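Student: Next up, start.json (JSON, C-alpha atoms).
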[["chain", "number", "residue", "atom", "x", "y", "z"],
["A", 1, "MET", "CA", 119.18, 65.82, 91.83],
["A", 2, "LYS", "CA", 117.49, 68.74, 90.07],
["A", 3, "ILE", "CA", 116.35, 72.22, 91.08],
["A", 4, "LYS", "CA", 114.14, 74.58, 89.11],
["A", 5, "TYR", "CA", 115.51, 78.09, 89.53],
["A", 6, "TYR", "CA", 113.06, 80.89, 88.78],
["A", 7, "TYR", "CA", 114.45, 84.41, 88.87],
["A", 8, "SER", "CA", 114.30, 87.89, 87.40],
["A", 9, "VAL", "CA", 117.44, 89.49, 85.98],
["A", 10, "ALA", "CA", 116.30, 92.71, 87.69],
["A", 11, "SER", "CA", 115.69, 91.31, 91.19],
["A", 12, "PRO", "CA", 117.99, 92.57, 93.98],
["A", 13, "PHE", "CA", 117.23, 89.50, 96.05],
["A", 14, "SER", "CA", 118.19, 87.24, 93.15],
["A", 15, "PHE", "CA", 121.50, 89.11, 93.06],
["A", 16, "LEU", "CA", 122.00, 88.81, 96.81],
["A", 17, "ALA", "CA", 121.48, 85.04, 96.57],
["A", 18, "ILE", "CA", 123.26, 84.09, 93.37],
["A", 19, "ASP", "CA", 126.76, 83.36, 94.70],
["A", 20, "ARG", "CA", 125.43, 81.34, 97.63],
["A", 21, "PHE", "CA", 123.14, 79.42, 95.29],
["A", 22, "ILE", "CA", 125.98, 78.64, 92.88],
["A", 23, "ASN", "CA", 128.13, 77.48, 95.80],
["A", 24, "LEU", "CA", 125.34, 75.16, 96.93],
["A", 25, "VAL", "CA", 124.89, 73.83, 93.40],
["A", 26, "ASN", "CA", 128.59, 73.09, 93.08],
["A", 27, "LYS", "CA", 128.90, 71.61, 96.56],
["A", 28, "LYS", "CA", 125.97, 69.24, 96.08],
["A", 29, "ASN", "CA", 126.52, 68.61, 92.37],
["A", 30, "ILE", "CA", 122.98, 69.73, 91.54],
["A", 31, "GLU", "CA", 121.47, 69.96, 88.08],
["A", 32, "VAL", "CA", 119.77, 73.34, 87.64],
["A", 33, "GLU", "CA", 116.92, 74.16, 85.31],
["A", 34, "GLU", "CA", 117.49, 77.90, 84.99],
["A", 35, "MET", "CA", 114.26, 79.77, 84.26],
["A", 36, "PRO", "CA", 114.44, 83.56, 83.87],
["A", 37, "PHE", "CA", 110.88, 84.85, 83.85],
["A", 38, "ASP", "CA", 108.76, 87.99, 83.53],
["A", 39, "LEU", "CA", 108.18, 88.83, 87.18],
["A", 40, "VAL", "CA", 106.60, 92.28, 86.89],
["A", 41, "GLY", "CA", 104.67, 91.88, 83.63],
["A", 42, "GLN", "CA", 103.32, 88.34, 84.06],
["A", 43, "VAL", "CA", 103.86, 86.83, 87.49],
["A", 44, "PHE", "CA", 102.94, 89.79, 89.71],
["A", 45, "PRO", "CA", 99.60, 90.52, 87.98],
["A", 46, "ASN", "CA", 98.61, 86.86, 88.23],
["A", 47, "THR", "CA", 99.73, 86.24, 91.82],
["A", 48, "GLY", "CA", 98.88, 89.45, 93.67],
["A", 49, "GLY", "CA", 102.29, 91.09, 93.47],
["A", 50, "VAL", "CA", 102.85, 94.84, 93.17],
["A", 51, "PRO", "CA", 105.69, 96.44, 91.18],
["A", 52, "VAL", "CA", 108.20, 98.32, 93.33],
["A", 53, "PRO", "CA", 107.21, 101.87, 92.25],
["A", 54, "LYS", "CA", 103.58, 101.21, 93.23],
["A", 55, "ARG", "CA", 104.25, 99.92, 96.75],
["A", 56, "HIS", "CA", 103.39, 101.76, 99.95],
["A", 57, "PRO", "CA", 106.18, 104.04, 101.28],
["A", 58, "SER", "CA", 106.61, 101.89, 104.40],
["A", 59, "ARG", "CA", 107.30, 98.83, 102.23],
["A", 60, "LEU", "CA", 109.65, 100.79, 100.00],
["A", 61, "LYS", "CA", 111.60, 102.06, 102.99],
["A", 62, "TYR", "CA", 111.95, 98.60, 104.55],
["A", 63, "ARG", "CA", 112.93, 97.05, 101.21],
["A", 64, "LEU", "CA", 115.97, 99.35, 101.06],
["A", 65, "VAL", "CA", 116.92, 98.50, 104.64],
["A", 66, "GLU", "CA", 116.70, 94.79, 103.86],
["A", 67, "ILE", "CA", 118.78, 95.03, 100.70],
["A", 68, "GLU", "CA", 121.57, 96.82, 102.56],
["A", 69, "ARG", "CA", 121.30, 94.56, 105.61],
["A", 70, "ILE", "CA", 121.53, 91.35, 103.55],
["A", 71, "GLY", "CA", 124.36, 92.70, 101.43],
["A", 72, "LYS", "CA", 126.34, 93.57, 104.54],
["A", 73, "LYS", "CA", 125.72, 90.17, 106.14],
["A", 74, "TYR", "CA", 126.93, 88.21, 103.12],
["A", 75, "GLY", "CA", 129.61, 90.61, 101.90],
["A", 76, "VAL", "CA", 127.79, 91.47, 98.67],
["A", 77, "SER", "CA", 128.49, 94.93, 97.29],
["A", 78, "ILE", "CA", 125.07, 96.27, 96.25],
["A", 79, "ASN", "CA", 123.56, 99.67, 95.59],
["A", 80, "SER", "CA", 120.03, 99.56, 96.99],
["A", 81, "GLN", "CA", 118.92, 102.36, 94.65],
["A", 82, "PRO", "CA", 120.78, 101.86, 91.37],
["A", 83, "LYS", "CA", 120.47, 104.44, 88.63],
["A", 84, "PHE", "CA", 118.96, 102.05, 86.08],
["A", 85, "PHE", "CA", 116.30, 100.34, 88.21],
["A", 86, "PRO", "CA", 113.76, 99.43, 87.14],
["A", 87, "PRO", "CA", 115.24, 98.65, 83.73],
["A", 88, "SER", "CA", 113.51, 100.44, 80.85],
["A", 89, "ASP", "CA", 113.24, 97.06, 79.09],
["A", 90, "PRO", "CA", 113.61, 94.12, 81.50],
["A", 91, "HIS", "CA", 112.65, 91.67, 78.74],
["A", 92, "LEU", "CA", 115.74, 92.24, 76.59],
["A", 93, "PRO", "CA", 118.34, 91.12, 79.21],
["A", 94, "ALA", "CA", 116.06, 88.22, 80.19],
["A", 95, "LYS", "CA", 115.95, 87.04, 76.59],
["A", 96, "PHE", "CA", 119.71, 87.45, 76.22],
["A", 97, "THR", "CA", 120.08, 85.33, 79.36],
["A", 98, "ILE", "CA", 117.83, 82.62, 77.93],
["A", 99, "ALA", "CA", 119.79, 82.71, 74.67],
["A", 100, "ALA", "CA", 123.06, 82.30, 76.57],
["A", 101, "ILE", "CA", 121.58, 79.36, 78.50],
["A", 102, "GLN", "CA", 120.50, 77.77, 75.21],
["A", 103, "LEU", "CA", 124.09, 78.14, 74.01],
["A", 104, "GLY", "CA", 125.36, 76.26, 77.05],
["A", 105, "ASN", "CA", 126.24, 79.18, 79.33],
["A", 106, "LYS", "CA", 124.67, 78.16, 82.64],
["A", 107, "LEU", "CA", 124.25, 80.42, 85.68],
["A", 108, "SER", "CA", 126.59, 83.08, 84.30],
["A", 109, "PHE", "CA", 124.79, 85.50, 82.02],
["A", 110, "GLY", "CA", 121.94, 86.11, 84.45],
["A", 111, "LYS", "CA", 124.43, 86.57, 87.27],
["A", 112, "GLU", "CA", 126.31, 89.17, 85.23],
["A", 113, "CYS", "CA", 123.09, 91.05, 84.41],
["A", 114, "LEU", "CA", 122.28, 91.19, 88.11],
["A", 115, "LYS", "CA", 125.78, 92.36, 88.99],
["A", 116, "TYR", "CA", 125.83, 95.00, 86.27],
["A", 117, "LEU", "CA", 122.49, 96.41, 87.45],
["A", 118, "TRP", "CA", 122.95, 96.22, 91.23],
["A", 119, "ALA", "CA", 126.69, 96.72, 91.65],
["A", 120, "ASN", "CA", 128.13, 98.24, 88.48],
["A", 121, "GLU", "CA", 125.56, 101.00, 87.80],
["A", 122, "LYS", "CA", 125.02, 99.79, 84.24],
["A", 123, "ASP", "CA", 121.85, 99.79, 82.15],
["A", 124, "ILE", "CA", 121.12, 96.15, 81.31],
["A", 125, "SER", "CA", 118.48, 97.32, 78.80],
["A", 126, "ASP", "CA", 121.31, 98.77, 76.70],
["A", 127, "LYS", "CA", 122.60, 96.46, 73.97],
["A", 128, "LYS", "CA", 126.12, 97.83, 74.41],
["A", 129, "VAL", "CA", 126.07, 96.66, 78.02],
["A", 130, "LEU", "CA", 124.76, 93.25, 76.96],
["A", 131, "GLU", "CA", 127.54, 93.10, 74.37],
["A", 132, "GLU", "CA", 130.07, 93.85, 77.11],
["A", 133, "ILE", "CA", 128.66, 90.97, 79.17],
["A", 134, "CYS", "CA", 128.91, 88.68, 76.14],
["A", 135, "ASN", "CA", 132.54, 89.68, 75.63],
["A", 136, "ASN", "CA", 133.34, 89.11, 79.31],
["A", 137, "LEU", "CA", 131.88, 85.60, 79.08],
["A", 138, "GLN", "CA", 133.56, 84.95, 75.71],
["A", 139, "LEU", "CA", 130.22, 84.63, 73.94],
["A", 140, "ASN", "CA", 129.62, 85.74, 70.38],
["A", 141, "PHE", "CA", 127.38, 88.79, 70.74],
["A", 142, "ASN", "CA", 125.83, 88.53, 67.28],
["A", 143, "LYS", "CA", 124.96, 84.89, 67.83],
["A", 144, "VAL", "CA", 123.45, 85.56, 71.26],
["A", 145, "GLU", "CA", 121.53, 88.59, 69.99],
["A", 146, "ALA", "CA", 120.08, 86.68, 67.04],
["A", 147, "LEU", "CA", 118.90, 83.90, 69.32],
["A", 148, "ALA", "CA", 117.58, 86.37, 71.91],
["A", 149, "ASN", "CA", 115.39, 87.93, 69.23],
["A", 150, "SER", "CA", 114.11, 84.59, 67.94],
["A", 151, "GLU", "CA", 110.64, 83.08, 68.31],
["A", 152, "LYS", "CA", 112.27, 80.16, 70.13],
["A", 153, "VAL", "CA", 113.51, 82.35, 72.98],
["A", 154, "GLU", "CA", 110.30, 84.36, 73.06],
["A", 155, "LYS", "CA", 108.42, 81.08, 73.54],
["A", 156, "ILE", "CA", 110.77, 79.91, 76.32],
["A", 157, "TYR", "CA", 110.44, 83.26, 78.12],
["A", 158, "SER", "CA", 106.65, 83.04, 77.94],
["A", 159, "GLU", "CA", 106.65, 79.38, 79.03],
["A", 160, "ASN", "CA", 108.95, 80.14, 81.98],
["A", 161, "SER", "CA", 106.55, 82.85, 83.14],
["A", 162, "ASN", "CA", 103.44, 80.71, 82.63],
["A", 163, "ASN", "CA", 105.04, 77.71, 84.33],
["A", 164, "ALA", "CA", 106.03, 79.91, 87.27],
["A", 165, "ILE", "CA", 102.40, 80.90, 87.75],
["A", 166, "LYS", "CA", 101.23, 77.28, 87.43],
["A", 167, "GLU", "CA", 103.78, 76.21, 90.05],
["A", 168, "ASP", "CA", 102.65, 78.91, 92.51],
["A", 169, "VAL", "CA", 105.78, 81.01, 92.10],
["A", 170, "PHE", "CA", 105.10, 84.62, 93.05],
["A", 171, "GLY", "CA", 108.53, 86.18, 93.61],
["A", 172, "ALA", "CA", 112.22, 85.94, 92.87],
["A", 173, "PRO", "CA", 114.34, 84.06, 93.46],
["A", 174, "THR", "CA", 112.33, 80.89, 93.84],
["A", 175, "TYR", "CA", 113.78, 77.39, 93.96],
["A", 176, "ILE", "CA", 111.72, 74.23, 93.49],
["A", 177, "TYR", "CA", 113.17, 70.95, 94.69],
["A", 178, "GLU", "CA", 111.21, 67.70, 94.94],
["A", 179, "ASP", "CA", 107.99, 69.67, 94.35],
["A", 180, "GLU", "CA", 108.69, 71.95, 97.33],
["A", 181, "LEU", "CA", 108.92, 75.70, 96.80],
["A", 182, "TYR", "CA", 111.55, 77.88, 98.48],
["A", 183, "TRP", "CA", 111.01, 81.60, 97.93],
["A", 184, "GLY", "CA", 113.64, 84.21, 98.63],
["A", 185, "GLN", "CA", 117.35, 84.48, 99.27],
["A", 186, "ASP", "CA", 116.69, 83.75, 102.96],
["A", 187, "ARG", "CA", 115.33, 80.27, 102.15],
["A", 188, "LEU", "CA", 118.59, 78.87, 100.80],
["A", 189, "ASP", "CA", 119.43, 77.36, 104.20],
["A", 190, "TYR", "CA", 116.12, 75.50, 104.20],
["A", 191, "LEU", "CA", 116.79, 74.29, 100.68],
["A", 192, "GLU", "CA", 120.20, 73.01, 101.71],
["A", 193, "ASP", "CA", 118.66, 71.28, 104.75],
["A", 194, "LYS", "CA", 116.23, 69.51, 102.44],
["A", 195, "ILE", "CA", 119.00, 68.37, 100.09],
["A", 196, "LYS", "CA", 120.94, 66.83, 103.00]]
Take the structure in the file and give it back as structure tokens.
Tutor:
Amino acid sequence: MKIKYYYSVASPFSFLAIDRFINLVNKKNIEVEEMPFDLVGQVFPNTGGVPVPKRHPSRLKYRLVEIERIGKKYGVSINSQPKFFPPSDPHLPAKFTIAAIQLGNKLSFGKECLKYLWANEKDISDKKVLEEICNNLQLNFNKVEALANSEKVEKIYSENSNNAIKEDVFGAPTYIYEDELYWGQDRLDYLEDKIK
């Protein structure tokens, strides 16, 4: 049983879903192919998406309501307007996440990036913050950083983004199970229904 998990390390809805997704993965003993991707720079322009700062005021207003509403429902502490969103460099934490995954750290580094951005008021584009996450997860920062800056990780990041577009992914989080796409934190129930 395998799920492709596409997400952005800067997505509030990925953060709102991550604990419930991990619980589902553990409960059902699911293998996860974790695929951090470039949502704003690659996926949005190729699938009709619009970056948050460029959206109509009515959409921006409702987005904040939804973030707070979902957080309250699921007991997730989240700041709907964090100081460091959007990240000045969303690619760096994504590449660190991919490096951590390559080193065997599954579903943890990305979760920490999301938590640091949306709950801890930290700048995940700052290497010192990424070093703190490495230390918290008992990962060697220098090793993770070297891999994050490698051509290998750059290629994986690009492939994740290109594959997302090819598989009709247009937002985050998106889960693909048995060739069916489930977009958004509010589709986890449907995903679980399918797995049953």
Student: Just give me the residues with any atom within 9 Å of (108.8, 74.3, 87.7), file coordinates, counting only C-alpha atoms, written as number ranges by chain.
Tutor: A: 3-6, 33, 35, 160, 163-164, 166-167, 169, 175-177, 179
Student: May I ask which of the residues A:Ala172, A:Leu114, A:Leu147, A:Ile165 is the closest one to Gln185 (chain A), counting only C-alpha atoms?
Tutor: A:Ala172
Student: May I ask for the distance between CA of Arg187 (chain A) and CA of Val52 (chain A), given in Å to one decimal place?
Tutor: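 Atom-to-atom, CA of Arg187 (chain A) and CA of Val52 (chain A) are spaced 21.3 Å apart.
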Student: Looking at all atoms listed in the file, which of A:Asn120, A:Ser11, A:Thr174, A:Thr97 is the one that sits closest to Pro51 (chain A)?
Tutor: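 When distances to Pro51 (chain A) are compared using all atoms listed in the file, the smallest one comes from A:Ser11.
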Student: For a quick check of understanding, using only C-alpha atoms, which of A:Ile195, A:Leu188, A:Ala146, A:Leu137 has the smallest distance to Ile30 (chain A)?
Tutor: A:Ile195
Student: Using only C-alpha atoms, which of A:Ser88, A:Gln102, A:Gln81, A:Asn135 sits nearest Ala148 (chain A)?
Tutor: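 Among the listed residues, A:Gln102 lies closest to Ala148 (chain A).
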Student: Report the distance between CA of Phe84 (chain A) and CA of Leu107 (chain A) in Å, rounded to one decimal place.
Tutor: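 Distance between the two atoms: 22.3 Å.
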Student: Find, counting all atoms listed in the file, the residue in A:Ile98, A:Leu181, A:Val129, A:Leu191 that gets nearest to Val153 (chain A).
Tutor: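 Of A:Ile98, A:Leu181, A:Val129, A:Leu191, the one nearest Val153 (chain A) is A:Ile98, counting all atoms listed in the file.
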Student: Could you check how far CA of Ile78 (chain A) sits from CA of Gly41 (chain A), in Å to one decimal?
Tutor: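 Rounded to one decimal, the two atoms are 24.4 Å apart.
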Student: Counting only C-alpha atoms, which residue out of A:Ile124, A:Leu24, A:Ala119, A:Ala99 sits closest to Val144 (chain A)?
Tutor: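 Of all the options, A:Ala99 lies closest to Val144 (chain A).
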Student: Can you pull out every residue within 6 Å of Pro173 (chain A), counting all atoms listed in the file, but drop anything in the same chain fewer than 5 positions away, and send it as a PDB file with C-alpha atoms, keeping the file's coordinate frame?
Tutor:
ATOM      1  CA  TYR A   6     113.060  80.890  88.780  1.00  0.00           C
ATOM      2  CA  TYR A   7     114.450  84.410  88.870  1.00  0.00           C
ATOM      3  CA  SER A  14     118.190  87.240  93.150  1.00  0.00           C
ATOM      4  CA  GLY A 184     113.640  84.210  98.630  1.00  0.00           C
TER       5      GLY A 184
END
Student: Using all atoms listed in the file, which residues sit within 9 Å of Leu139 (chain A) once same-chain residues fewer than 4 positions away are excluded, as a tab-separated table (two decimals) with C-alpha atoms, keeping the file's coordinate frame?
Tutor:
chain	number	residue	atom	x	y	z
A	100	ALA	CA	123.06	82.30	76.57
A	103	LEU	CA	124.09	78.14	74.01
A	105	ASN	CA	126.24	79.18	79.33
A	131	GLU	CA	127.54	93.10	74.37
A	133	ILE	CA	128.66	90.97	79.17
A	134	CYS	CA	128.91	88.68	76.14
A	135	ASN	CA	132.54	89.68	75.63
A	143	LYS	CA	124.96	84.89	67.83
A	144	VAL	CA	123.45	85.56	71.26
